[in-house]
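Engineer: For reference, the file model.cif (mmCIF, C-alpha atoms and all ligand atoms) is included below:
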data_upload
#
loop_
_atom_site.label_atom_id
_atom_site.label_comp_id
_atom_site.auth_asym_id
_atom_site.auth_seq_id
_atom_site.Cartn_x
_atom_site.Cartn_y
_atom_site.Cartn_z
CA MET J 1 -29.32 10.82 -62.17
CA LEU J 2 -26.54 12.57 -60.21
CA ASN J 3 -24.02 14.23 -62.57
CA SER J 4 -21.91 16.35 -60.24
CA ILE J 5 -21.09 16.51 -56.56
CA THR J 6 -18.93 18.49 -54.08
CA LEU J 7 -17.57 16.60 -51.07
CA PRO J 8 -15.18 17.15 -48.15
CA SER J 9 -11.93 15.19 -48.06
CA PRO J 10 -11.12 15.23 -44.34
CA ALA J 11 -7.90 14.60 -42.43
CA LYS J 12 -7.29 11.96 -39.76
CA LEU J 13 -5.30 11.83 -36.56
CA ASN J 14 -3.52 8.75 -35.26
CA LEU J 15 -4.43 9.12 -31.58
CA PHE J 16 -1.69 6.56 -30.92
CA LEU J 17 0.56 4.53 -33.24
CA HIS J 18 2.46 1.37 -32.33
CA VAL J 19 4.79 -0.55 -34.63
CA ASN J 20 4.53 -4.27 -33.81
CA GLY J 21 6.71 -5.87 -36.45
CA ARG J 22 8.00 -5.92 -39.97
CA LEU J 23 6.53 -8.07 -42.74
CA ALA J 24 8.54 -9.87 -45.43
CA ASN J 25 7.46 -7.24 -48.03
CA GLY J 26 9.04 -4.45 -45.92
CA TYR J 27 5.69 -3.08 -44.71
CA HIS J 28 5.11 -2.80 -40.97
CA GLU J 29 2.44 -4.29 -38.78
CA LEU J 30 0.84 -1.42 -36.91
CA GLN J 31 -1.76 -0.79 -34.27
CA THR J 32 -3.34 2.65 -34.27
CA LEU J 33 -6.49 4.51 -33.27
CA PHE J 34 -7.80 6.60 -36.18
CA GLN J 35 -10.15 9.50 -35.64
CA PHE J 36 -11.31 11.94 -38.36
CA ILE J 37 -11.28 15.70 -37.90
CA ASP J 38 -13.61 18.37 -39.29
CA TYR J 39 -10.76 19.98 -41.26
CA SER J 40 -10.85 19.03 -44.92
CA ASP J 41 -9.87 19.62 -48.51
CA GLU J 42 -12.85 20.24 -50.78
CA MET J 43 -13.34 18.22 -53.96
CA SER J 44 -15.82 18.73 -56.82
CA PHE J 45 -16.59 16.06 -59.38
CA ALA J 46 -18.53 16.13 -62.68
CA VAL J 47 -19.11 13.18 -65.02
CA ARG J 48 -17.48 13.24 -68.48
CA ASP J 49 -18.69 11.06 -71.32
CA ASP J 50 -15.29 10.73 -73.04
CA GLY J 51 -13.66 8.46 -70.42
CA ASN J 52 -10.93 10.99 -69.51
CA VAL J 53 -9.88 11.62 -65.90
CA CYS J 54 -9.11 15.36 -65.69
CA LEU J 55 -7.75 16.95 -62.52
CA ASN J 56 -8.24 20.62 -63.40
CA THR J 57 -6.46 21.97 -60.31
CA PRO J 58 -2.99 20.38 -60.26
CA ILE J 59 -0.94 20.38 -57.05
CA ASP J 60 2.41 22.19 -57.29
CA GLY J 61 5.21 19.63 -57.35
CA VAL J 62 2.94 16.61 -57.95
CA ALA J 63 2.53 15.52 -61.59
CA ASN J 64 -1.13 14.71 -62.36
CA ASN J 65 -0.18 11.15 -63.31
CA ASP J 66 1.35 10.68 -59.83
CA ASN J 67 -1.54 12.36 -58.04
CA LEU J 68 -3.46 9.85 -55.91
CA ILE J 69 -6.70 11.45 -57.10
CA VAL J 70 -6.03 10.62 -60.76
CA LYS J 71 -4.62 7.21 -59.82
CA ALA J 72 -7.78 6.41 -57.81
CA ALA J 73 -10.20 7.31 -60.62
CA ARG J 74 -8.17 5.37 -63.21
CA LEU J 75 -7.86 2.33 -60.93
CA LEU J 76 -11.64 2.30 -60.47
CA GLN J 77 -12.18 2.47 -64.25
CA GLN J 78 -9.72 -0.40 -64.67
CA LYS J 79 -11.36 -2.58 -61.98
CA THR J 80 -14.91 -2.06 -63.22
CA GLY J 81 -14.51 -1.50 -66.97
CA CYS J 82 -16.42 1.77 -66.56
CA GLN J 83 -16.25 3.89 -69.76
CA LYS J 84 -17.19 7.19 -68.09
CA GLY J 85 -14.67 9.88 -67.19
CA ILE J 86 -14.54 12.61 -64.56
CA ASP J 87 -13.65 16.30 -64.15
CA ILE J 88 -12.18 17.01 -60.72
CA GLU J 89 -11.43 20.28 -58.89
CA LEU J 90 -9.51 20.31 -55.61
CA VAL J 91 -9.28 23.02 -52.97
CA LYS J 92 -6.19 21.99 -50.94
CA ARG J 93 -6.18 23.00 -47.28
CA LEU J 94 -4.49 20.01 -45.64
CA PRO J 95 -0.72 20.35 -45.24
CA MET J 96 1.09 17.71 -47.32
CA GLY J 97 3.48 15.26 -45.72
CA GLY J 98 2.00 16.14 -42.36
CA GLY J 99 0.82 12.68 -41.29
CA ILE J 100 -2.82 13.72 -41.46
CA GLY J 101 -3.44 11.64 -44.57
CA GLY J 102 -4.37 14.29 -47.16
CA GLY J 103 -3.37 12.31 -50.24
CA SER J 104 -5.01 9.11 -48.97
CA SER J 105 -8.16 11.02 -48.10
CA ASN J 106 -8.30 12.60 -51.58
CA ALA J 107 -7.99 9.12 -53.10
CA ALA J 108 -10.79 7.79 -50.90
CA THR J 109 -13.11 10.72 -51.66
CA THR J 110 -12.44 10.17 -55.38
CA LEU J 111 -13.33 6.46 -55.13
CA MET J 112 -16.53 7.24 -53.19
CA ALA J 113 -17.56 10.06 -55.57
CA CYS J 114 -16.89 8.08 -58.77
CA ASN J 115 -18.73 5.07 -57.33
CA LEU J 116 -21.78 7.34 -56.91
CA LEU J 117 -21.53 9.36 -60.14
CA TRP J 118 -20.71 6.38 -62.33
CA ALA J 119 -23.52 4.40 -60.60
CA LEU J 120 -21.18 1.47 -59.90
CA ASN J 121 -22.86 0.43 -56.63
CA LEU J 122 -19.66 -1.06 -55.19
CA SER J 123 -19.85 -1.76 -51.45
CA ILE J 124 -17.71 0.11 -48.92
CA GLU J 125 -15.72 -3.12 -48.42
CA ALA J 126 -15.04 -3.49 -52.17
CA LEU J 127 -13.97 0.17 -52.45
CA ALA J 128 -11.69 -0.18 -49.39
CA LYS J 129 -10.01 -3.20 -50.97
CA ILE J 130 -9.36 -1.22 -54.16
CA GLY J 131 -8.17 1.71 -52.03
CA LEU J 132 -5.56 -0.43 -50.26
CA GLU J 133 -3.77 -0.80 -53.62
CA LEU J 134 -3.22 2.98 -53.54
CA GLY J 135 -1.93 3.25 -49.95
CA ALA J 136 -2.26 1.82 -46.44
CA ASP J 137 -4.25 4.83 -45.21
CA VAL J 138 -6.87 4.85 -47.98
CA PRO J 139 -9.19 2.10 -46.56
CA ILE J 140 -9.83 3.96 -43.29
CA PHE J 141 -11.09 7.01 -45.18
CA ILE J 142 -13.52 4.75 -47.09
CA HIS J 143 -14.53 2.92 -43.91
CA GLY J 144 -15.46 6.30 -42.43
CA LYS J 145 -15.69 5.35 -38.73
CA ALA J 146 -13.17 5.99 -35.95
CA THR J 147 -11.44 2.70 -35.53
CA PHE J 148 -8.67 0.69 -33.92
CA ALA J 149 -6.70 -0.47 -36.97
CA GLU J 150 -4.27 -3.37 -37.25
CA GLY J 151 -2.35 -5.21 -39.95
CA VAL J 152 -0.83 -2.63 -42.29
CA GLY J 153 -3.80 -0.49 -41.27
CA GLU J 154 -6.71 -2.33 -42.90
CA LYS J 155 -8.20 -4.53 -40.12
CA PHE J 156 -10.73 -2.51 -38.16
CA THR J 157 -12.37 -2.63 -34.73
CA ASP J 158 -14.59 0.46 -34.47
CA MET J 159 -14.30 2.63 -31.38
CA GLU J 160 -15.81 5.85 -30.10
CA PRO J 161 -13.02 7.98 -28.60
CA PRO J 162 -14.13 11.35 -27.16
CA GLU J 163 -14.72 13.88 -29.98
CA CYS J 164 -12.28 16.40 -28.50
CA THR J 165 -11.32 19.86 -29.69
CA TYR J 166 -7.76 19.63 -31.01
CA LEU J 167 -5.09 22.15 -31.82
CA VAL J 168 -3.03 20.68 -34.68
CA ILE J 169 0.38 22.23 -35.37
CA HIS J 170 2.34 21.89 -38.60
CA PRO J 171 5.98 22.51 -37.65
CA GLY J 172 6.84 23.71 -41.16
CA VAL J 173 8.72 20.59 -42.26
CA HIS J 174 7.80 17.64 -44.45
CA VAL J 175 8.54 14.16 -43.06
CA GLY J 176 8.77 11.33 -45.60
CA THR J 177 6.78 8.24 -44.54
CA VAL J 178 9.30 5.94 -46.27
CA ASP J 179 12.23 7.60 -44.45
CA VAL J 180 10.60 6.90 -41.09
CA PHE J 181 9.72 3.28 -41.86
CA THR J 182 13.20 2.53 -43.21
CA HIS J 183 15.04 4.22 -40.30
CA GLN J 184 17.31 1.73 -38.53
CA ASP J 185 16.39 3.06 -35.07
CA LEU J 186 12.60 2.76 -35.48
CA PRO J 187 11.30 0.57 -32.62
CA ARG J 188 9.50 -2.33 -34.29
CA ASP J 189 8.66 -4.64 -31.38
CA THR J 190 5.90 -3.06 -29.33
CA PRO J 191 3.74 -5.92 -28.02
CA LYS J 192 0.29 -6.18 -29.63
CA LEU J 193 -2.70 -5.02 -27.61
CA ALA J 194 -6.15 -6.54 -27.65
CA PRO J 195 -8.48 -3.71 -28.76
CA THR J 196 -10.49 -4.27 -25.56
CA ASP J 197 -7.33 -3.59 -23.47
CA LEU J 198 -6.62 -0.19 -25.02
CA ASP J 199 -5.74 2.35 -22.31
CA MET J 200 -4.97 5.75 -23.85
CA THR J 201 -2.76 6.71 -20.89
CA LYS J 202 -0.38 3.84 -21.71
CA VAL J 203 0.14 4.24 -25.47
CA GLY J 204 2.21 6.57 -27.64
CA ASN J 205 3.59 7.07 -31.12
CA ASP J 206 6.54 4.76 -31.84
CA CYS J 207 7.69 6.99 -34.72
CA GLN J 208 7.85 10.16 -32.61
CA GLN J 209 11.35 9.86 -31.14
CA ILE J 210 13.18 9.25 -34.40
CA VAL J 211 11.24 12.03 -36.13
CA CYS J 212 12.22 14.39 -33.28
CA ASP J 213 15.85 13.30 -33.70
CA THR J 214 15.84 13.91 -37.47
CA HIS J 215 13.53 16.97 -37.47
CA PRO J 216 14.17 19.22 -34.43
CA GLN J 217 11.26 21.44 -35.55
CA VAL J 218 8.87 18.61 -34.66
CA GLU J 219 10.36 18.35 -31.18
CA LYS J 220 10.08 22.13 -30.84
CA ALA J 221 6.38 21.99 -31.78
CA LEU J 222 5.73 19.17 -29.28
CA ASN J 223 7.53 21.13 -26.54
CA TRP J 224 5.57 24.30 -27.32
CA LEU J 225 2.23 22.49 -27.31
CA VAL J 226 2.88 20.49 -24.12
CA GLU J 227 2.81 23.76 -22.15
CA TYR J 228 -0.96 23.68 -22.78
CA ALA J 229 -1.85 19.97 -22.89
CA PRO J 230 -0.24 16.56 -23.47
CA SER J 231 1.10 16.66 -27.04
CA ARG J 232 1.67 13.86 -29.54
CA MET J 233 2.68 13.39 -33.18
CA THR J 234 0.20 11.96 -35.70
CA GLY J 235 1.26 9.18 -38.11
CA THR J 236 4.86 9.58 -39.24
CA GLY J 237 4.64 13.34 -38.70
CA SER J 238 5.22 16.13 -39.08
CA CYS J 239 1.99 17.40 -37.50
CA VAL J 240 1.52 17.28 -33.74
CA PHE J 241 -1.70 17.73 -31.78
CA ALA J 242 -3.18 18.17 -28.32
CA ALA J 243 -6.73 18.02 -26.96
CA PHE J 244 -8.12 21.21 -25.38
CA ASP J 245 -11.08 21.61 -23.06
CA SER J 246 -12.67 24.26 -25.30
CA ALA J 247 -12.35 25.76 -28.78
CA SER J 248 -11.72 29.20 -27.28
CA HIS J 249 -8.73 27.93 -25.24
CA ALA J 250 -7.35 26.22 -28.37
CA HIS J 251 -7.78 29.45 -30.39
CA GLN J 252 -6.06 31.47 -27.63
CA ALA J 253 -3.07 29.13 -27.79
CA LEU J 254 -3.04 29.27 -31.61
CA LEU J 255 -2.71 33.08 -31.44
CA ARG J 256 0.59 32.62 -29.57
CA LEU J 257 2.06 30.16 -32.08
CA PRO J 258 5.69 30.91 -33.10
CA SER J 259 5.87 32.24 -36.66
CA SER J 260 7.86 29.23 -37.93
CA MET J 261 4.78 27.03 -37.43
CA THR J 262 1.19 27.03 -38.65
CA GLY J 263 -1.82 25.44 -37.03
CA PHE J 264 -5.56 25.01 -36.92
CA VAL J 265 -8.28 24.20 -34.44
CA CYS J 266 -10.61 21.32 -35.24
CA LYS J 267 -12.90 18.76 -33.67
CA GLY J 268 -12.56 14.97 -33.67
CA CYS J 269 -15.33 13.15 -35.57
CA ASN J 270 -16.14 9.47 -35.09
CA ILE J 271 -18.09 9.52 -38.37
CA SER J 272 -16.08 10.96 -41.24
CA PRO J 273 -17.33 14.32 -42.59
CA LEU J 274 -17.21 12.63 -46.04
CA HIS J 275 -19.71 9.99 -44.94
CA GLN J 276 -21.86 12.58 -43.20
CA ALA J 277 -22.00 14.56 -46.47
CA ILE J 278 -22.81 11.51 -48.61
CA LYS J 279 -25.60 10.50 -46.22
CA CYS J 280 -27.21 13.90 -46.76
CA ILE J 281 -27.16 13.42 -50.56
CA LYS J 282 -28.60 9.91 -50.63
C1 LIG K 301 1.84 5.72 -40.84
C2 LIG K 301 0.43 5.86 -41.32
O1 LIG K 301 0.15 7.20 -41.73
C3 LIG K 301 -0.52 5.55 -40.17
O2 LIG K 301 -1.78 6.01 -40.41
C4 LIG K 301 0.16 4.97 -42.48
O3 LIG K 301 0.33 3.62 -42.16
C5 LIG K 301 0.92 5.33 -43.74
O4 LIG K 301 0.03 5.13 -44.78
P1 LIG K 301 0.30 5.65 -46.28
O5 LIG K 301 0.89 7.01 -46.26
O6 LIG K 301 -0.98 5.42 -47.02
O7 LIG K 301 1.42 4.65 -46.69
P2 LIG K 301 1.74 3.98 -48.10
O8 LIG K 301 1.66 5.02 -49.16
O9 LIG K 301 0.93 2.73 -48.24
O10 LIG K 301 3.23 3.56 -47.83
C6 LIG K 301 4.32 4.47 -47.86
C7 LIG K 301 5.53 3.73 -47.31
O11 LIG K 301 5.42 3.61 -45.89
C8 LIG K 301 5.88 2.36 -45.45
N1 LIG K 301 4.81 1.66 -44.71
C9 LIG K 301 3.51 2.12 -44.78
C10 LIG K 301 2.52 1.50 -44.06
C11 LIG K 301 2.86 0.37 -43.27
N2 LIG K 301 1.94 -0.26 -42.56
N3 LIG K 301 4.14 -0.06 -43.22
C12 LIG K 301 5.13 0.57 -43.92
O12 LIG K 301 6.28 0.19 -43.85
C13 LIG K 301 6.38 1.61 -46.66
O13 LIG K 301 7.77 1.90 -46.74
C14 LIG K 301 5.68 2.32 -47.82
O14 LIG K 301 6.47 2.27 -48.97
N1 LIG K 302 -3.84 14.35 -53.83
C1 LIG K 302 -2.70 14.42 -53.14
N2 LIG K 302 -2.63 15.21 -52.04
C2 LIG K 302 -1.50 15.29 -51.33
N3 LIG K 302 -0.36 14.63 -51.61
C3 LIG K 302 -0.37 13.83 -52.69
C4 LIG K 302 -1.53 13.69 -53.49
N4 LIG K 302 -1.26 12.84 -54.47
C5 LIG K 302 0.02 12.45 -54.30
N5 LIG K 302 0.58 13.05 -53.24
C6 LIG K 302 1.97 12.83 -52.74
O1 LIG K 302 1.89 12.21 -51.45
C7 LIG K 302 2.83 12.82 -50.55
C8 LIG K 302 2.30 12.68 -49.11
O2 LIG K 302 1.22 13.54 -49.00
P1 LIG K 302 0.12 13.42 -47.84
O3 LIG K 302 -0.47 14.78 -47.65
O4 LIG K 302 -0.82 12.32 -48.13
O5 LIG K 302 1.04 13.05 -46.61
P2 LIG K 302 0.73 12.50 -45.22
O6 LIG K 302 -0.37 13.26 -44.60
O7 LIG K 302 2.03 12.44 -44.49
O8 LIG K 302 0.22 11.05 -45.51
P3 LIG K 302 0.14 9.82 -44.53
O9 LIG K 302 -0.32 10.24 -43.21
O10 LIG K 302 -0.86 8.98 -45.27
O11 LIG K 302 1.55 9.27 -44.54
C9 LIG K 302 2.96 14.24 -51.03
O12 LIG K 302 4.18 14.81 -50.70
C10 LIG K 302 2.76 14.12 -52.54
O13 LIG K 302 4.01 13.95 -53.18
#
Could I get this file's structure written as structure tokens?
Ligand SMILES: C[C@](O)(CO)[C@H](O)COP(=O)(O)OP(=O)(O)OC[C@H]1O[C@@H](n2ccc(N)nc2=O)[C@H](O)[C@@H]1O
Ligand SMILES: Nc1ncnc2c1ncn2[C@@H]1O[C@H](COP(=O)(O)OP(=O)(O)OP(=O)(O)O)[C@@H](O)[C@H]1O
Structural biologist:
Amino acid sequence: MLNSITLPSPAKLNLFLHVNGRLANGYHELQTLFQFIDYSDEMSFAVRDDGNVCLNTPIDGVANNDNLIVKAARLLQQKTGCQKGIDIELVKRLPMGGGIGGGSSNAATTLMACNLLWALNLSIEALAKIGLELGADVPIFIHGKATFAEGVGEKFTDMEPPECTYLVIHPGVHVGTVDVFTHQDLPRDTPKLAPTDLDMTKVGNDCQQIVCDTHPQVEKALNWLVEYAPSRMTGTGSCVFAAFDSASHAHQALLRLPSSMTGFVCKGCNISPLHQAIKCIK
């Protein structure tokens, strides 16, 4: 019986992001193409018999009770009546508030790990449904395949975009997702596409302009990156990315990055590194 496990908690990119409308509950209908990247937090889990959920590596500025990791484990206990607990250690590498989904990914990795260690045998679909209660981006990390997502981000049509080498830049600012979605100037009427009609040369990120207007550092990062390759923001920012023809060209560009920004080179993955790791265990 498996008692402990260490797993990656990868980031995602929104290769495009359209806002199609606003629902009565204030959430937005979106269309987006999600791809995972091989740049991850690392999470270790060990079963406890006393029922407690213990995150032993707190994140500065995030109370453990508000941490999506603790919330995910407790929600799973509540949904299943499971009496077991869990010790969790987190090595944080993903920039927070960067639009690469770190918190959502941590929640998804926690749900997947506890499902295994507590021998709950919930399906991916059941875990994704529980995950949606924690955030719109959690289901995709449980789904684990690059996908064209619709609805609030939970209806999936899987796709296989090229697994490019990306340079991802964090412009050094945090962008609040709520601030973007409540901004009066956010365009909310992009016509819906059929997934089969997706043409990557004709799509963009509907949140990008208002984030550039409110956070000039994001615009600066986009303008720096576009000297090398077409650049785009992921999610509601603040990270921006561009595809490079080789890892060495991406690393050469990274060496010239202005000191106000940080960045990393990674590769797109159409199967999440989390799912690749779990497959190796099973
Ligand atoms: C923009 C994306 O990153 C694209 O991948 C996600 O849709 C955001 O997902 P997330 O961070 O998991 O978002 P949540 O934690 O569920 O929601 C944060 C806030 O964003 C807004 N929100 C989020 C998702 C959505 N489809 N419509 C929204 O209007 C809501 O104001 C919500 O209160
Ligand atoms: N485990 C966690 N990791 C990171 N942030 C967390 C976590 N738990 C709660 N949070 C809160 O969530 C906020 C957003 O963090 P996150 O890194 O998920 O942003 P993001 O990449 O912009 O997310 P998204 O793309 O889903 O909007 C943080 O500022 C923090 O307050």
Engineer: So that I can check the surroundings of J:Ala149, please list as a ChimeraX atom specification every protein, DNA and RNA residue that reaches within 12 Å of it, counting only C-alpha atoms and ignoring chain neighbours fewer than 2 positions away.
Structural biologist: /J:14-19,29-35,136-137,139-141,143,145-147,151-159,192-195,198
Engineer: Calculated over only C-alpha atoms and all ligand atoms, which of the candidates J:Ser104, J:Asn64, J:Thr196, J:Gln252 has the smallest distance to ligand LIG 301 (chain K)?
Structural biologist: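 Closest residue, counting only C-alpha atoms and all ligand atoms: J:Ser104.
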Engineer: Taking only C-alpha atoms and all ligand atoms into account, list the residues no farther than 7 Å from ligand LIG 302 (chain K), as a PyMOL selection string.
Structural biologist: chain J and resi 62+66-69+94-104+106-107+137+175-177+235-237
Engineer: What residues have an atom no more than 10 Å from (-12.0, -2.7, -59.6) in the file's own frame, counting all atoms listed in the file, and can you write them as a ChimeraX atom specification?
Structural biologist: /J:74-82,122,126-127,129-131
Engineer: Do you have the atom CA of J:Phe181-atom CA of J:Lys220 distance handy?
Structural biologist: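 A separation of 21.8 Å between them.
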Engineer: Determine, for each residue of stretch 183-213 of chain J having at least one atom at most 10 Å from an atom of stretch 227-232 of chain J, the closest pair of atoms and their separation in Å to one decimal, counting all atoms listed in the file; order by chain and ascending number, as a Markdown table.
Structural biologist:
| residue | atom | partner | partner_atom | distance |
| --- | --- | --- | --- | --- |
| J:Gly204 | CA | J:Arg232 | CA | 7.6 |
| J:Asn205 | CA | J:Arg232 | CA | 7.2 |
| J:Gln208 | CA | J:Arg232 | CA | 7.8 |
Engineer: Give me the residues near J:Met261 as JSON, numbers by chain, where near means some atom within 7 Å (using all atoms listed in the file) and where sequence neighbours in that chain fewer than 4 positions away do not count.
Structural biologist: {"J": [169, 170, 171, 172, 257]}
Engineer: Which residues come within 10 Å of J:His183, counting only C-alpha atoms, excluding same-chain residues fewer than 5 positions away, as a PyMOL selection string?
Structural biologist: chain J and resi 178+207+210-211
Engineer: Residues as selected, C-alpha atoms, written as a CSV table (one decimal), in the frame of the given file, can you do that?
Structural biologist:
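Okay, part.csv is ready:
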chain,number,residue,atom,x,y,z
J,178,VAL,CA,9.3,5.9,-46.3
J,207,CYS,CA,7.7,7.0,-34.7
J,210,ILE,CA,13.2,9.2,-34.4
J,211,VAL,CA,11.2,12.0,-36.1
Engineer: Give the answer as one residue: which of J:Leu7, J:Leu186, J:Leu222, J:Cys212 has the shortest atom-to-atom distance to ligand LIG 301 (chain K), using all atoms listed in the file?
Structural biologist: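 Closest candidate: J:Leu186.
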Engineer: Of the candidates J:Ile88, J:Ala11, J:Leu55, J:Cys269, which one gets nearest to J:Thr165 if we count only C-alpha atoms?
Structural biologist: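 Selected residue with least distance to J:Thr165: J:Cys269.
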